[in-house]
Structure formats: structure tokens, C-alpha cells
Amino acid sequence: MQRMVKILDTTLRDGLRNSGITMRLEQKILFARQLERLAVDAIEIGYGGPAEVEPMRQLAAAVTRPVVLGLSRVNLKDVSRALRGVEPAKRPGINIFAPTSDAFLRKTAITQGQALEASVTAIAYAKRHLDHVQFSAQDASRSDPDYLVEVFGAAVAAGATVLCMTDTTSHALPSEFGELCGRLRARVAGGDSVVWSVHCHNDLGLGVANCLAAIEHGVGQVECTVNGVGERLGNTPLGQVVNALRVRKDAFGSLSTNVSFEQLEATAALLMEVSEAA
């Protein structure tokens, strides 16, 4: 049986963050509609900040097929704004993130217990408003695996339907990252009832390799950007992940994506066009 790997495109959110790329709202809408033609499964359209809610609402209403997600911290004000931002979407969703590594917990001055409690509260609150709730562990590749098991298990119990492992600082090697993903899928209570996702930055040039290693260990969604755009040295390039699964059928067998290969070039060209025009 063919297993589909979902593609979440975050060009309009993480791809624009500190990347030097800007788009006007009408350009974002144009690009979101092209992503729909590309047949990605989900589009992350923005972060739930006060100034982003209304633009997010217009973006959310511009497409009908993909899940449309807003990003939010575990702060309930942020969650509420992200929920308002995706409210007009045909298929609304939210991506709630919390720090899980010691370094990021120190940066935000909270403990593991406080992060877990805030995550559960935020997930449960969001779940009362929509079905598609993703929880992302920030800097997961440098986090204590036992704590990840605990926080992911609590997220599932609170109502999360997608769990995301992030390589926020581009720290992981493919062998390490794939093994960690497989170990978490096996150990997290309820882990077999959710979709596992990965979000890899590309500072070491290993974004695609890390995502493919995760897929080999059962991960069902990859988060990436068109042309690999993003802060520092970028995110995992969408086209390369899709092409790897397509070209290396000998290695990946029945694994595939819904992405239209024929639309990849047009999508990459449109991003360059609207970026240059901005």
C-alpha cells in the first residue's frame, strides 16, 4: 500500500522570517493560490501577532483545499489571535510551539514543568475551537529525549493531532535525527494515533537528508519552503524532498507525496518574481 508523506509549506511564515524577503499581501495571496495548485497538504500562513490577524484572515480565505495554519506560542493571547487568523479557512489549523531544550528553556526563563503545563493548556484551548492542532517541540534535536517523550505524550492527551520534531538550530546529523524520530514514535503514549512531522533548518546543508532520515523512521509530514528560503542559511527545500522520493523509488518504495511535480518550476519562479517585485 502506498504511504503518502504530507508536505507542509511554511514559505509564507518561516520562509519570510529574517530572510530579507518581503511580500505585500496581494503577493502573498497570489503565492498561496500557487501553493494550492502545487497541491501541498498544508500552508502555514503567519504568526499570531497583533498586526498579522487581518492579513492572515485574507490569506486563509484565499485557498480551499490545503489545511491553513497559524503559528502560536503557548501564550493564550497568541493562541486566540492565531485562531482568529485562520477562522475563515475551509480547513483551519494551528501550530503551537514550546521550547523543550535546556538552552531554549533558559532563554525563555521557564522550567520543563512550566513549559509542559503551558503547552497542555494551550493545546486544550485550541482543540475546543478546531480539530487540526499541531504541537511543535522547539529545538527538539538538542532536547532531553525523556522530556520529549513526556511533553509529546501530554500533547497527545490534550488533543494534538500532529507532533513536530524541530531541528531549530540545524544541529542534528541524519543518523541521529532519524533514530530519535523512530525512538519517539515508539515511546510516546498515543504516538501511533497522530501524524509525526519534522521541521529542519539547513545551516549544515543537511535539511533534506535529515527529513529523509525521519521519513525512513516513519515520519509522515515534512515542513519546508520553496527554494529553501528562510533565516540564516534557510529551511529544507520543498522541491528536493519531493524529487528525492520521486527519483529514488528503489530506496523509498511506496512512499510518495501529493505534490504536483509539474508545478514545482512555476512555484519557484513565482517566488522569485514576487520577491523581486516587493
# chains A, B, ... in the order shown; residues from 1 in each chain; ligands from 1
$ select_by_dssp --residues "region 35-161 of chain A" --states "alpha helix (DSSP H)" --output "number ranges by chain"
A: 35-38, 53-60, 76-86, 102-108, 112-127, 145-158
$ select_by_dssp --residues "region 20-68 of chain A" --states "strand (DSSP E or B)" --output "number ranges by chain"
A: 42-47, 67-68
$ closest_residue --among "A:Ala137, A:Val63, A:Ala154, A:Val149" --to "Phe31 (chain A)" --atoms "only C-alpha atoms"
A:Val63
$ closest_atom_pairs --of "region 11-55 of chain A" --to "region 95-112 of chain A" --cutoff "12 Å" --atoms "only C-alpha atoms" --output "JSON lines"
{"residue": "A:Arg13", "atom": "CA", "partner": "A:Asn95", "partner_atom": "CA", "distance": 11.5}
{"residue": "A:Ala42", "atom": "CA", "partner": "A:Asn95", "partner_atom": "CA", "distance": 11.2}
{"residue": "A:Ile43", "atom": "CA", "partner": "A:Asn95", "partner_atom": "CA", "distance": 10.8}
{"residue": "A:Glu44", "atom": "CA", "partner": "A:Asn95", "partner_atom": "CA", "distance": 8.3}
{"residue": "A:Ile45", "atom": "CA", "partner": "A:Asn95", "partner_atom": "CA", "distance": 10.6}
{"residue": "A:Gly46", "atom": "CA", "partner": "A:Asn95", "partner_atom": "CA", "distance": 10.1}
{"residue": "A:Tyr47", "atom": "CA", "partner": "A:Asn95", "partner_atom": "CA", "distance": 9.3}
{"residue": "A:Gly48", "atom": "CA", "partner": "A:Asn95", "partner_atom": "CA", "distance": 10.1}
$ residues_around --residues "Leu130 (chain A)" --least-positions-apart "5" --cutoff "9 Å" --atoms "only C-alpha atoms" --output "list in words"
Leu83, Pro92, Gly93 and Ile94 of chain A
$ write_last_selection --atoms "N, CA and C atoms" --output "mmCIF file, in the first residue's frame"
data_model
loop_
_atom_site.group_PDB
_atom_site.id
_atom_site.type_symbol
_atom_site.label_atom_id
_atom_site.label_comp_id
_atom_site.auth_asym_id
_atom_site.auth_seq_id
_atom_site.Cartn_x
_atom_site.Cartn_y
_atom_site.Cartn_z
ATOM 1 N N LEU A 83 -5.987 31.665 16.137
ATOM 2 C CA LEU A 83 -7.284 31.056 15.822
ATOM 3 C C LEU A 83 -8.159 32.011 15.023
ATOM 4 N N PRO A 92 -9.154 24.979 8.754
ATOM 5 C CA PRO A 92 -8.263 25.726 9.648
ATOM 6 C C PRO A 92 -7.445 24.814 10.557
ATOM 7 N N GLY A 93 -6.258 25.285 10.915
ATOM 8 C CA GLY A 93 -5.411 24.565 11.850
ATOM 9 C C GLY A 93 -4.517 25.529 12.596
ATOM 10 N N ILE A 94 -3.857 25.027 13.622
ATOM 11 C CA ILE A 94 -2.937 25.854 14.404
ATOM 12 C C ILE A 94 -1.702 25.038 14.727
#
$ closest_residue --among "A:Thr22, A:Thr169, A:Asn227, A:Asn75" --to "Ala140 (chain A)" --atoms "only C-alpha atoms"
A:Thr169
$ closest_residue --among "A:Met4, A:Leu38, A:Val67, A:Ala214" --to "Gly239 (chain A)" --atoms "only C-alpha atoms"
A:Leu38
$ residues_around --residues "region 14-21 of chain A" --least-positions-apart "3" --cutoff "7 Å" --atoms "only C-alpha atoms" --output "PyMOL selection string"
chain A and resi 10-11+225+229-231+275
$ closest_residue --among "A:Ser197, A:Gln2, A:Thr257, A:Gln34" --to "Val226 (chain A)" --atoms "only C-alpha atoms"
A:Gln34
$ closest_atom_pairs --of "region 95-186 of chain A" --to "region 210-213 of chain A" --cutoff "7 Å" --atoms "only C-alpha atoms" --output "Markdown table"
| residue | atom | partner | partner_atom | distance |
| --- | --- | --- | --- | --- |
| A:Leu173 | CA | A:Asn210 | CA | 6.7 |
| A:Pro174 | CA | A:Asn210 | CA | 4.4 |
| A:Ser175 | CA | A:Ala213 | CA | 7.0 |
| A:Phe177 | CA | A:Asn210 | CA | 6.2 |
| A:Gly178 | CA | A:Ala213 | CA | 4.6 |
$ residues_around --residues "Phe252 (chain A)" --least-positions-apart "5" --cutoff "10 Å" --atoms "only C-alpha atoms" --output "PDB file with N, CA and C atoms, in the first residue's frame"
ATOM      1  N   LEU A 212      14.671  13.127   5.101  1.00  0.00           N
ATOM      2  CA  LEU A 212      14.573  11.795   4.513  1.00  0.00           C
ATOM      3  C   LEU A 212      14.847  10.713   5.554  1.00  0.00           C
ATOM      4  N   ILE A 215      11.719  10.384   7.532  1.00  0.00           N
ATOM      5  CA  ILE A 215      10.714   9.649   6.764  1.00  0.00           C
ATOM      6  C   ILE A 215      10.990   8.154   6.822  1.00  0.00           C
ATOM      7  N   GLU A 216      12.253   7.780   6.706  1.00  0.00           N
ATOM      8  CA  GLU A 216      12.624   6.361   6.797  1.00  0.00           C
ATOM      9  C   GLU A 216      12.252   5.762   8.142  1.00  0.00           C
ATOM     10  N   ALA A 244      13.402  13.725  -4.318  1.00  0.00           N
ATOM     11  CA  ALA A 244      14.111  12.556  -3.784  1.00  0.00           C
ATOM     12  C   ALA A 244      13.181  11.356  -3.665  1.00  0.00           C
ATOM     13  N   LEU A 245      11.970  11.591  -3.165  1.00  0.00           N
ATOM     14  CA  LEU A 245      11.009  10.497  -3.041  1.00  0.00           C
ATOM     15  C   LEU A 245      10.569   9.996  -4.408  1.00  0.00           C
ATOM     16  N   ARG A 246      10.545  10.905  -5.375  1.00  0.00           N
ATOM     17  CA  ARG A 246      10.103  10.549  -6.728  1.00  0.00           C
ATOM     18  C   ARG A 246      11.184   9.766  -7.479  1.00  0.00           C
ATOM     19  N   VAL A 247      12.422  10.255  -7.406  1.00  0.00           N
ATOM     20  CA  VAL A 247      13.509   9.666  -8.184  1.00  0.00           C
ATOM     21  C   VAL A 247      14.010   8.355  -7.570  1.00  0.00           C
TER      22      VAL A 247
END
$ closest_residue --among "A:Met56, A:Ala172, A:Ile7, A:Leu116" --to "Arg142 (chain A)" --atoms "only C-alpha atoms"
A:Ala172
